[in-house]
2 protein chains.
Amino acid sequence: MSDSGANTPTVDDVARLAGVSIATVSRVLNGSARVSDDKLTRVRAAVHELGFRPNPAARSLAGRHARIIAVLAGTTSRFEQVEIIRGIEESSRAAGYLMSLTAVGDADDDSIDQALSLVLDQAVAGVIVLTSDAVGVAALRRIPEGILTVTVSGMPQNGVPHVSLDEPAAAGELVAYLLGLGHTTVHCVGVPASPNEDERILGWRRALRAAGAATPEVIHSSEEPNSGCAIGRQLARSPGVTAVFCGSDVLAMEVMHGLAEAGKSVPDEVSVVGFGDHPLAALWRPALTTVNQDFAGLGNRAFLVLDGLISGPLGRTFASAAPALVVRDSAASPVDPGGAALT
Amino acid sequence: MSDSGANTPTVDDVARLAGVSIATVSRVLNGSARVSDDKLTRVRAAVHELGFRPNPAARSLAGRHARIIAVLAGTTSRFEQVEIIRGIEESSRAAGYLMSLTAVGDADDDSIDQALSLVLDQAVAGVIVLTSDAVGVAALRRIPEGILTVTVSGMPQNGVPHVSLDEPAAAGELVAYLLGLGHTTVHCVGVPASPNEDERILGWRRALRAAGAATPEVIHSSEEPNSGCAIGRQLARSPGVTAVFCGSDVLAMEVMHGLAEAGKSVPDEVSVVGFGDHPLAALWRPALTTVNQDFAGLGNRAFLVLDGLISGPLGRTFASAAPALVVRDSAASPVDPGGAALT
DNA sequence: TTGAAAGCGCTAACAC
DNA sequence: GTGTTAGCGCTTTCAA
């Protein structure tokens, strides 16, 4: 029964050592009310001497809300997701929240519920779901009512606060650039992500329509590691393909690899552009023309929106950085029928 | 005072609805003792009907240990770290632990303490520190006594349980391969990571010594995004450089880029090998010869060791997968002085 | 097998 | 300003 000192100290120990009541200790801990300088110092000294740390469970039981936010994602290791998560972590750390990260293995209910129960069993202040892939979207649907939630990336899901980059605009810029180079149309290779059309494809389609250009069938890559390579080889065989817009930089690299395997040269015979400005895009040969997206900034905003929800119902929205076209070497003017490049 | 139903249900609500005591509810919740089939069913029904979830704070206050493990890291977005973290998350999820992730901004005490207090304020069961960079190592030093800790990657730190891959062996294989190709020595470009020598450099040095080859001065890359490019250009100017071992695949790509800028061709004039088998290594031109490392598996083991620490003092160790050399196209036999390749 | 009751360590009224 | 006290929602003896 006697707190002889072996175990972790409690407020009682601190109070006793400082010669004050536990309420006073609590007050200095939270700065919630005026405390005389004298006792303030004594409490602080006692806290320090004991190496006291308030028990978080007791704290949140007594009313303070949890300082953990959870992020849920299907994939956590692709460039985009990594950056978004990094952004979330950065902002939540700055705001004094611990970020938890849980991957959802599969889109089936069991995997989702298992991942979800981990989160729900931990008194989190709110959750951010990465809805850039089907698994994330599926997970979102099983989050019970009453859990503060925001989604990030991908399409907005009915009613849930959502933050995203202007991907249609970014994709549109790329397509417009390609069209401006003289290509009559632009083919599209999409990331597997979306069950329905994703925003990048949307932007590609809109830009093509706006220019009155034909909209070829979208080719979808699969989850397989290098599925873009086969697509590249296939594209090499299709006549009339002079420009290809890919749903991500890595996908563009795979497509270029496949094109090269089939003997097509980029950008001389086929122009290829990516999406996202991957760190290796500039080192790629030929250096990849793409559009820069501030994924980490997107993560920052996702947290900020959630934090707004936690603090109160002030639904702030945040402006996103405009997409920046990064022109490098993987796109050029098409070769004219006669054989010579236009430029 | 009356729990009319608006708020989240408690054990009391469940007990009342099921017509049993709260103790019985707790028993079925934890399966801690025999409960008659009749009451068991009624309680389960009540739990289900109310959508009851035990309050985690109350639970851990009442004695159950936290089900959160924290991971602390300097960098969280490089391939290696991303994979290690993915591995940790995977294993901890399987074991019913939520994983929190916090990046440590800088190596200064303030950044570290800020990151640490986030973790320490949350009743975590244990922490895993990624000591592959200087920031991680610095953070480790400030973790207070009594916090279950394991380090992963990088050099073992005095007394702290540590798991890592056999990086010296992996580096050695690469060097031996290069030497076997006919190179008289192998130059080395190290990742900035370590204040002191890292294990990859160690393996490189040992292998060279074992073969009786000269050990050139190690060139260190910096934290700057493409610092390896400049090193590549520099290497191109240095006569006698025929083979280069790089501390990571991305670094190897940068070095190759610099070499190419300076007009050197890989592997004809200079052989370059990386470390880690990055997903893009196979797509790179020329495809990168490297050594595969199971970083995600390393993360799995890190969690398992921590879990062992949590469950009891049974200091299990886990065997690591043997490094696998991945021979691709970026290394070849050196050109002999006369100008013709040996092979 | 079951219920009553005593806390877990803290915060927040409420008195003084 | 400061102390006393009543919980927060659970788990767990201890009796019955």
# chains A, B, ... in the order shown; residues from 1 in each chain; ligands from 1
call {"tool": "residues_around", "arguments": {"residues": "Leu17 (chain A)", "least_positions_apart": "6", "cutoff": "9 Å", "atoms": "only C-alpha atoms (C1' of nucleotides)", "output": "short mmCIF file (atom, residue, chain, number, x, y, z; two decimals) with all heavy atoms, in the first residue's frame"}}
result
data_model
loop_
_atom_site.label_atom_id
_atom_site.label_comp_id
_atom_site.auth_asym_id
_atom_site.auth_seq_id
_atom_site.Cartn_x
_atom_site.Cartn_y
_atom_site.Cartn_z
N ARG A 42 7.55 24.84 -6.04
CA ARG A 42 7.71 23.60 -5.30
C ARG A 42 7.14 22.42 -6.08
O ARG A 42 7.74 21.35 -6.16
CB ARG A 42 7.04 23.72 -3.93
CG ARG A 42 8.05 24.18 -2.88
CD ARG A 42 7.41 24.80 -1.66
NE ARG A 42 6.27 24.07 -1.16
CZ ARG A 42 5.26 24.67 -0.49
NH1 ARG A 42 5.28 25.98 -0.30
NH2 ARG A 42 4.27 23.96 -0.03
N VAL A 43 5.99 22.64 -6.68
CA VAL A 43 5.39 21.56 -7.47
C VAL A 43 6.28 21.20 -8.64
O VAL A 43 6.56 20.02 -8.90
CB VAL A 43 3.98 21.96 -7.97
CG1 VAL A 43 3.48 20.95 -8.98
CG2 VAL A 43 3.03 22.07 -6.80
N ALA A 46 9.12 19.20 -7.52
CA ALA A 46 8.72 17.83 -7.17
C ALA A 46 8.49 17.00 -8.43
O ALA A 46 8.92 15.84 -8.51
CB ALA A 46 7.45 17.87 -6.32
N VAL A 47 7.81 17.60 -9.40
CA VAL A 47 7.56 16.91 -10.65
C VAL A 47 8.88 16.48 -11.27
O VAL A 47 9.06 15.34 -11.69
CB VAL A 47 6.81 17.83 -11.65
CG1 VAL A 47 6.88 17.26 -13.06
CG2 VAL A 47 5.37 18.01 -11.21
#
call {"tool": "interface_residues", "arguments": {"of": "chain B", "to": "chain D", "cutoff": "10 Å", "atoms": "only C-alpha atoms (C1' of nucleotides)", "output": "ChimeraX atom specification"}}
result
/B:10-12,22-23,26-27,30,54-64
call {"tool": "interface_residues", "arguments": {"of": "chain B", "to": "chain A", "cutoff": "7 Å", "atoms": "only C-alpha atoms", "output": "list in words"}}
result
Pro56, Ala57, Ala58, Ser60, Leu61, Ser77, Val82, Glu89, Gly96, Tyr97, Leu98, Met99, Ser100, Leu101, Thr102, Leu118, Val119, Asp121, Gln122, Ala123, Glu254, His257 and Leu283 of chain B
call {"tool": "write_last_selection", "arguments": {"atoms": "C-alpha atoms", "output": "PDB file, in the first residue's frame"}}
result
ATOM      1  CA  PRO B  56     -10.104   2.501 -23.792  1.00  0.00           C
ATOM      2  CA  ALA B  57      -9.004   5.109 -21.287  1.00  0.00           C
ATOM      3  CA  ALA B  58     -11.066   3.572 -18.540  1.00  0.00           C
ATOM      4  CA  SER B  60      -6.156   1.015 -19.319  1.00  0.00           C
ATOM      5  CA  LEU B  61      -6.698   3.012 -16.154  1.00  0.00           C
ATOM      6  CA  SER B  77      10.134   8.830 -46.423  1.00  0.00           C
ATOM      7  CA  VAL B  82       9.186   3.229 -45.441  1.00  0.00           C
ATOM      8  CA  GLU B  89       2.899  -1.838 -38.770  1.00  0.00           C
ATOM      9  CA  GLY B  96      -3.419  -6.206 -31.956  1.00  0.00           C
ATOM     10  CA  TYR B  97      -1.234  -3.177 -31.398  1.00  0.00           C
ATOM     11  CA  LEU B  98      -1.815   0.184 -32.928  1.00  0.00           C
ATOM     12  CA  MET B  99       1.385   1.701 -34.289  1.00  0.00           C
ATOM     13  CA  SER B 100       2.119   5.362 -33.874  1.00  0.00           C
ATOM     14  CA  LEU B 101       4.698   7.061 -36.017  1.00  0.00           C
ATOM     15  CA  THR B 102       6.557  10.187 -35.143  1.00  0.00           C
ATOM     16  CA  LEU B 118       4.097  13.225 -27.700  1.00  0.00           C
ATOM     17  CA  VAL B 119       4.928   9.581 -27.307  1.00  0.00           C
ATOM     18  CA  ASP B 121       2.190  11.354 -22.980  1.00  0.00           C
ATOM     19  CA  GLN B 122       0.332   8.453 -24.489  1.00  0.00           C
ATOM     20  CA  ALA B 123       0.912   5.351 -22.447  1.00  0.00           C
ATOM     21  CA  GLU B 254      22.388   9.734 -58.704  1.00  0.00           C
ATOM     22  CA  HIS B 257      23.417  10.260 -63.547  1.00  0.00           C
ATOM     23  CA  LEU B 283      13.691  -0.354 -64.530  1.00  0.00           C
TER      24      LEU B 283
END
call {"tool": "interface_residues", "arguments": {"of": "chain C", "to": "chain A", "cutoff": "8 Å", "atoms": "only C-alpha atoms (C1' of nucleotides)", "output": "JSON, numbers by chain"}}
result
{"C": [8, 9, 10, 11]}
call {"tool": "write_last_selection", "arguments": {"atoms": "N, CA, C and O atoms (P, O5', C5', C4', C3', O3' and C1' of nucleotides)", "output": "compact mmCIF listing (two decimals), in the first residue's frame"}}
result
# COMPACT_ATOMS: atom_id res chain seq x y z
P DC C 8 -5.90 2.81 -6.00
O5' DC C 8 -5.67 2.81 -7.58
C5' DC C 8 -5.17 1.67 -8.29
C4' DC C 8 -5.29 1.98 -9.76
C3' DC C 8 -4.86 3.41 -10.10
O3' DC C 8 -3.52 3.37 -10.59
C1' DC C 8 -6.96 2.81 -11.18
P DG C 9 -2.41 4.26 -9.88
O5' DG C 9 -2.67 5.70 -10.51
C5' DG C 9 -2.52 5.86 -11.91
C4' DG C 9 -3.08 7.21 -12.29
C3' DG C 9 -2.50 8.39 -11.51
O3' DG C 9 -2.09 9.35 -12.46
C1' DG C 9 -4.85 8.47 -11.49
P DC C 10 -1.53 10.76 -12.08
O5' DC C 10 -2.79 11.67 -12.42
C5' DC C 10 -3.08 11.93 -13.77
C4' DC C 10 -4.53 12.33 -13.92
C3' DC C 10 -4.82 13.80 -13.63
O3' DC C 10 -4.74 14.53 -14.85
C1' DC C 10 -6.54 12.30 -12.83
P DT C 11 -4.78 16.10 -14.82
O5' DT C 11 -6.35 16.40 -14.76
C5' DT C 11 -7.15 16.00 -15.86
C4' DT C 11 -8.57 16.45 -15.61
C3' DT C 11 -8.76 17.94 -15.44
O3' DT C 11 -9.93 18.29 -16.17
C1' DT C 11 -9.64 16.81 -13.56
call {"tool": "residues_around", "arguments": {"residues": "Ala171 (chain A)", "least_positions_apart": "3", "cutoff": "8 Å", "atoms": "only C-alpha atoms (C1' of nucleotides)", "output": "ChimeraX atom specification"}}
result
/A:167-168,174-175,200-201,203-204,275,291
call {"tool": "select_by_dssp", "arguments": {"residues": "region 261-326 of chain A", "states": "strand (DSSP E or B)", "output": "compact mmCIF listing (two decimals) with N, CA and C atoms, in the first residue's frame"}}
result
# COMPACT_ATOMS: atom_id res chain seq x y z
N SER A 271 5.86 10.49 -76.91
CA SER A 271 6.05 11.35 -75.75
C SER A 271 5.33 10.71 -74.56
N VAL A 272 5.95 10.78 -73.40
CA VAL A 272 5.34 10.21 -72.20
C VAL A 272 5.42 11.24 -71.07
N VAL A 273 4.32 11.43 -70.39
CA VAL A 273 4.37 12.31 -69.21
C VAL A 273 3.79 11.57 -68.01
N GLY A 276 2.95 13.84 -60.63
CA GLY A 276 3.35 13.86 -59.23
C GLY A 276 4.74 14.37 -58.94
N THR A 289 8.90 14.53 -67.95
CA THR A 289 8.04 15.70 -67.89
C THR A 289 6.81 15.30 -67.09
N THR A 290 6.46 16.13 -66.12
CA THR A 290 5.39 15.74 -65.21
C THR A 290 4.78 16.99 -64.59
N VAL A 291 3.94 16.80 -63.60
CA VAL A 291 3.39 17.96 -62.93
C VAL A 291 3.61 17.77 -61.44
N ASN A 292 4.13 18.81 -60.81
CA ASN A 292 4.44 18.72 -59.40
C ASN A 292 3.18 18.84 -58.55
N ALA A 324 2.12 22.67 -60.60
CA ALA A 324 3.17 23.28 -61.42
C ALA A 324 3.70 22.29 -62.43
N LEU A 325 3.55 22.63 -63.67
CA LEU A 325 4.04 21.79 -64.75
C LEU A 325 5.57 21.74 -64.67
N VAL A 326 6.13 20.57 -64.79
CA VAL A 326 7.58 20.45 -64.79
C VAL A 326 8.00 19.89 -66.14
call {"tool": "residues_around", "arguments": {"residues": "Leu298 (chain B)", "least_positions_apart": "2", "cutoff": "7 Å", "atoms": "only C-alpha atoms (C1' of nucleotides)", "output": "list in words"}}
result
Ile84, Gly87, Ser164, Leu165, Asp294, Phe295, Ala296, Asn300, Arg301 and Ala302 of chain B
call {"tool": "atom_distance", "arguments": {"atom1": "CA of Gly312 (chain A)", "atom2": "CA of His65 (chain A)"}}
result
12.8 Å
call {"tool": "atom_distance", "arguments": {"atom1": "CA of Val129 (chain B)", "atom2": "CA of Asn158 (chain B)"}}
result
13.6 Å
call {"tool": "select_by_dssp", "arguments": {"residues": "region 19-87 of chain B", "states": "helix (DSSP H, G or I)", "output": "PyMOL selection string"}}
result
chain B and resi 22-30+37-50+56-61+79-87
call {"tool": "write_last_selection", "arguments": {"atoms": "N, CA and C atoms", "output": "compact mmCIF listing (two decimals), in the first residue's frame"}}
result
# COMPACT_ATOMS: atom_id res chain seq x y z
N ILE B 22 -22.70 -5.09 -13.80
CA ILE B 22 -21.62 -4.62 -14.67
C ILE B 22 -20.44 -5.57 -14.64
N ALA B 23 -20.27 -6.24 -13.53
CA ALA B 23 -19.16 -7.20 -13.43
C ALA B 23 -19.34 -8.30 -14.47
N THR B 24 -20.56 -8.73 -14.62
CA THR B 24 -20.82 -9.78 -15.61
C THR B 24 -20.54 -9.29 -17.03
N VAL B 25 -20.93 -8.07 -17.26
CA VAL B 25 -20.65 -7.50 -18.58
C VAL B 25 -19.15 -7.52 -18.83
N SER B 26 -18.42 -7.06 -17.84
CA SER B 26 -16.97 -7.03 -17.97
C SER B 26 -16.43 -8.43 -18.24
N ARG B 27 -17.01 -9.40 -17.56
CA ARG B 27 -16.54 -10.78 -17.75
C ARG B 27 -16.74 -11.26 -19.18
N VAL B 28 -17.88 -10.97 -19.74
CA VAL B 28 -18.05 -11.45 -21.12
C VAL B 28 -17.17 -10.66 -22.06
N LEU B 29 -16.98 -9.40 -21.75
CA LEU B 29 -16.12 -8.57 -22.60
C LEU B 29 -14.70 -9.13 -22.67
N ASN B 30 -14.23 -9.62 -21.55
CA ASN B 30 -12.84 -10.08 -21.50
C ASN B 30 -12.70 -11.59 -21.49
N ASP B 37 -24.61 -19.42 -20.09
CA ASP B 37 -24.95 -19.21 -21.50
C ASP B 37 -26.04 -18.17 -21.67
N ASP B 38 -26.99 -18.26 -20.78
CA ASP B 38 -28.13 -17.35 -20.84
C ASP B 38 -27.67 -15.89 -20.79
N LYS B 39 -26.95 -15.55 -19.73
CA LYS B 39 -26.51 -14.17 -19.57
C LYS B 39 -25.52 -13.76 -20.67
N LEU B 40 -24.69 -14.72 -21.03
CA LEU B 40 -23.72 -14.45 -22.09
C LEU B 40 -24.44 -13.92 -23.32
N THR B 41 -25.45 -14.64 -23.71
CA THR B 41 -26.20 -14.24 -24.90
C THR B 41 -26.84 -12.88 -24.72
N ARG B 42 -27.45 -12.70 -23.56
CA ARG B 42 -28.13 -11.43 -23.33
C ARG B 42 -27.16 -10.25 -23.36
N VAL B 43 -26.01 -10.46 -22.74
CA VAL B 43 -25.02 -9.39 -22.74
C VAL B 43 -24.56 -9.09 -24.16
N ARG B 44 -24.27 -10.14 -24.88
CA ARG B 44 -23.80 -9.94 -26.26
C ARG B 44 -24.83 -9.18 -27.09
N ALA B 45 -26.07 -9.56 -26.87
CA ALA B 45 -27.14 -8.90 -27.62
C ALA B 45 -27.18 -7.42 -27.25
N ALA B 46 -27.07 -7.16 -25.97
CA ALA B 46 -27.13 -5.77 -25.51
C ALA B 46 -25.96 -4.96 -26.07
N VAL B 47 -24.78 -5.58 -26.03
CA VAL B 47 -23.58 -4.91 -26.57
C VAL B 47 -23.83 -4.55 -28.02
N HIS B 48 -24.36 -5.51 -28.73
CA HIS B 48 -24.59 -5.31 -30.15
C HIS B 48 -25.64 -4.23 -30.38
N GLU B 49 -26.72 -4.34 -29.66
CA GLU B 49 -27.81 -3.39 -29.84
C GLU B 49 -27.39 -1.95 -29.58
N LEU B 50 -26.59 -1.80 -28.53
CA LEU B 50 -26.16 -0.45 -28.15
C LEU B 50 -24.96 0.03 -28.98
N PRO B 56 -11.49 2.95 -23.93
CA PRO B 56 -10.10 2.50 -23.79
C PRO B 56 -9.38 3.16 -22.63
N ALA B 57 -9.69 4.41 -22.38
CA ALA B 57 -9.00 5.11 -21.29
C ALA B 57 -9.36 4.45 -19.96
N ALA B 58 -10.63 4.20 -19.79
CA ALA B 58 -11.07 3.57 -18.54
C ALA B 58 -10.43 2.20 -18.41
N ARG B 59 -10.37 1.51 -19.53
CA ARG B 59 -9.78 0.18 -19.52
C ARG B 59 -8.34 0.20 -19.07
N SER B 60 -7.57 1.08 -19.66
CA SER B 60 -6.16 1.01 -19.32
C SER B 60 -5.93 1.60 -17.93
N LEU B 61 -6.81 2.49 -17.52
CA LEU B 61 -6.70 3.01 -16.15
C LEU B 61 -6.93 1.87 -15.17
N PHE B 79 12.96 4.98 -49.04
CA PHE B 79 12.56 3.60 -49.29
C PHE B 79 12.79 2.64 -48.11
N GLU B 80 13.98 2.61 -47.61
CA GLU B 80 14.29 1.71 -46.51
C GLU B 80 13.39 1.90 -45.31
N GLN B 81 13.32 3.14 -44.89
CA GLN B 81 12.51 3.45 -43.70
C GLN B 81 11.04 3.14 -43.94
N VAL B 82 10.59 3.50 -45.12
CA VAL B 82 9.19 3.23 -45.44
C VAL B 82 8.90 1.73 -45.32
N GLU B 83 9.80 0.94 -45.82
CA GLU B 83 9.60 -0.51 -45.77
C GLU B 83 9.71 -1.06 -44.35
N ILE B 84 10.66 -0.58 -43.61
CA ILE B 84 10.80 -1.03 -42.22
C ILE B 84 9.52 -0.69 -41.46
N ILE B 85 9.06 0.51 -41.64
CA ILE B 85 7.85 0.96 -40.94
C ILE B 85 6.64 0.13 -41.37
N ARG B 86 6.58 -0.16 -42.63
CA ARG B 86 5.49 -0.98 -43.13
C ARG B 86 5.52 -2.35 -42.45
N GLY B 87 6.72 -2.88 -42.30
CA GLY B 87 6.87 -4.18 -41.65
C GLY B 87 6.45 -4.13 -40.19
call {"tool": "residues_around", "arguments": {"residues": "Ala176 (chain B)", "least_positions_apart": "3", "cutoff": "8 Å", "atoms": "only C-alpha atoms (C1' of nucleotides)", "output": "JSON, numbers by chain"}}
result
{"B": [172, 173, 179, 180, 207, 208]}
call {"tool": "residues_around", "arguments": {"residues": "Ala107 (chain B)", "least_positions_apart": "4", "cutoff": "12 Å", "atoms": "only C-alpha atoms (C1' of nucleotides)", "output": "VMD selection string"}}
result
chain B and resid 73 to 75 103 111 to 115 133 to 142 195
call {"tool": "write_last_selection", "arguments": {"atoms": "all heavy atoms", "output": "CSV table (one decimal), in the first residue's frame"}}
result
chain,number,residue,atom,x,y,z
B,73,ALA,N,11.5,8.0,-35.7
B,73,ALA,CA,12.5,8.0,-36.8
B,73,ALA,C,12.9,9.4,-37.2
B,73,ALA,O,12.1,10.3,-37.1
B,73,ALA,CB,11.9,7.2,-38.0
B,74,GLY,N,14.1,9.5,-37.7
B,74,GLY,CA,14.6,10.8,-38.2
B,74,GLY,C,13.9,11.0,-39.6
B,74,GLY,O,13.1,11.9,-39.8
B,75,THR,N,14.2,10.1,-40.5
B,75,THR,CA,13.6,10.2,-41.8
B,75,THR,C,12.5,9.1,-41.9
B,75,THR,O,12.7,8.0,-41.5
B,75,THR,CB,14.6,9.9,-42.9
B,75,THR,OG1,15.8,10.5,-42.6
B,75,THR,CG2,14.1,10.3,-44.3
B,103,ALA,N,8.0,11.4,-36.5
B,103,ALA,CA,9.3,11.8,-37.1
B,103,ALA,C,10.0,12.8,-36.1
B,103,ALA,O,9.3,13.5,-35.4
B,103,ALA,CB,9.1,12.5,-38.4
B,111,SER,N,13.8,19.6,-30.5
B,111,SER,CA,13.0,18.8,-31.4
B,111,SER,C,12.8,17.4,-30.9
B,111,SER,O,11.7,16.8,-30.9
B,111,SER,CB,13.7,18.6,-32.8
B,111,SER,OG,14.1,19.9,-33.3
B,112,ILE,N,13.8,16.8,-30.4
B,112,ILE,CA,13.7,15.5,-29.8
B,112,ILE,C,12.7,15.4,-28.7
B,112,ILE,O,11.9,14.5,-28.6
B,112,ILE,CB,15.1,15.0,-29.4
B,112,ILE,CG1,16.0,14.8,-30.6
B,112,ILE,CG2,15.0,13.7,-28.6
B,112,ILE,CD1,17.4,14.4,-30.3
B,113,ASP,N,12.9,16.3,-27.7
B,113,ASP,CA,12.0,16.3,-26.6
B,113,ASP,C,10.5,16.5,-26.9
B,113,ASP,O,9.6,16.0,-26.4
B,113,ASP,CB,12.4,17.3,-25.5
B,113,ASP,CG,13.7,16.8,-24.9
B,113,ASP,OD1,14.1,15.6,-25.1
B,113,ASP,OD2,14.4,17.6,-24.1
B,114,GLN,N,10.3,17.4,-28.0
B,114,GLN,CA,9.0,17.6,-28.4
B,114,GLN,C,8.4,16.3,-29.0
B,114,GLN,O,7.2,15.9,-28.6
B,114,GLN,CB,8.9,18.7,-29.4
B,114,GLN,CG,7.6,19.3,-29.7
B,114,GLN,CD,7.4,19.9,-31.1
B,114,GLN,OE1,8.4,20.1,-31.7
B,114,GLN,NE2,6.1,20.1,-31.5
B,115,ALA,N,9.1,15.7,-29.8
B,115,ALA,CA,8.6,14.4,-30.4
B,115,ALA,C,8.4,13.4,-29.3
B,115,ALA,O,7.4,12.7,-29.3
B,115,ALA,CB,9.6,13.9,-31.4
B,133,ASP,N,19.8,6.7,-38.9
B,133,ASP,CA,20.4,8.0,-39.1
B,133,ASP,C,20.8,8.7,-37.8
B,133,ASP,O,20.4,8.2,-36.7
B,133,ASP,CB,19.6,9.0,-40.0
B,133,ASP,CG,18.2,9.1,-39.4
B,133,ASP,OD1,18.0,9.1,-38.2
B,133,ASP,OD2,17.2,9.2,-40.2
B,134,ALA,N,21.5,9.7,-37.9
B,134,ALA,CA,22.0,10.4,-36.7
B,134,ALA,C,20.9,10.9,-35.8
B,134,ALA,O,21.0,10.9,-34.5
B,134,ALA,CB,23.0,11.5,-37.0
B,135,VAL,N,19.8,11.4,-36.4
B,135,VAL,CA,18.7,11.9,-35.6
B,135,VAL,C,18.1,10.8,-34.7
B,135,VAL,O,17.8,11.0,-33.6
B,135,VAL,CB,17.6,12.5,-36.5
B,135,VAL,CG1,16.5,13.0,-35.7
B,135,VAL,CG2,18.2,13.6,-37.4
B,136,GLY,N,17.9,9.6,-35.3
B,136,GLY,CA,17.4,8.5,-34.6
B,136,GLY,C,18.2,8.2,-33.4
B,136,GLY,O,17.8,8.0,-32.3
B,137,VAL,N,19.5,8.1,-33.6
B,137,VAL,CA,20.5,7.8,-32.6
B,137,VAL,C,20.4,8.8,-31.4
B,137,VAL,O,20.3,8.5,-30.2
B,137,VAL,CB,21.9,7.7,-33.1
B,137,VAL,CG1,22.9,7.5,-32.0
B,137,VAL,CG2,22.0,6.6,-34.1
B,138,ALA,N,20.3,10.1,-31.8
B,138,ALA,CA,20.2,11.2,-30.8
B,138,ALA,C,18.9,11.0,-30.0
B,138,ALA,O,18.9,11.2,-28.8
B,138,ALA,CB,20.3,12.5,-31.5
B,139,ALA,N,17.8,10.7,-30.7
B,139,ALA,CA,16.6,10.6,-30.0
B,139,ALA,C,16.6,9.4,-29.0
B,139,ALA,O,16.1,9.6,-27.9
B,139,ALA,CB,15.4,10.3,-31.0
B,140,LEU,N,17.2,8.4,-29.4
B,140,LEU,CA,17.3,7.2,-28.5
B,140,LEU,C,17.9,7.6,-27.2
B,140,LEU,O,17.5,7.2,-26.1
B,140,LEU,CB,18.2,6.1,-29.2
B,140,LEU,CG,18.5,4.9,-28.3
B,140,LEU,CD1,17.2,4.1,-28.1
B,140,LEU,CD2,19.6,4.1,-29.0
B,141,ARG,N,18.9,8.4,-27.2
B,141,ARG,CA,19.6,8.8,-26.0
B,141,ARG,C,18.8,9.6,-25.0
B,141,ARG,O,19.1,9.7,-23.8
B,141,ARG,CB,20.8,9.7,-26.3
B,141,ARG,CG,21.8,9.1,-27.2
B,141,ARG,CD,23.2,9.6,-27.1
B,141,ARG,NE,24.1,9.2,-28.1
B,141,ARG,CZ,24.4,7.9,-28.3
B,141,ARG,NH1,23.9,7.0,-27.5
B,141,ARG,NH2,25.3,7.5,-29.3
B,142,ARG,N,17.7,10.1,-25.5
B,142,ARG,CA,16.9,10.9,-24.6
B,142,ARG,C,15.6,10.2,-24.1
B,142,ARG,O,14.8,10.8,-23.4
B,142,ARG,CB,16.5,12.3,-25.2
B,142,ARG,CG,17.7,13.1,-25.5
B,142,ARG,CD,17.4,14.5,-25.9
B,142,ARG,NE,16.8,15.3,-24.9
B,142,ARG,CZ,17.5,15.9,-23.9
B,142,ARG,NH1,18.8,15.8,-23.9
B,142,ARG,NH2,16.9,16.6,-23.0
B,195,PRO,N,27.2,9.2,-38.2
B,195,PRO,CA,28.3,10.0,-37.7
B,195,PRO,C,29.6,9.3,-37.8
B,195,PRO,O,30.6,9.8,-38.2
B,195,PRO,CB,27.9,10.3,-36.2
B,195,PRO,CG,26.7,9.4,-35.9
B,195,PRO,CD,26.4,8.6,-37.1
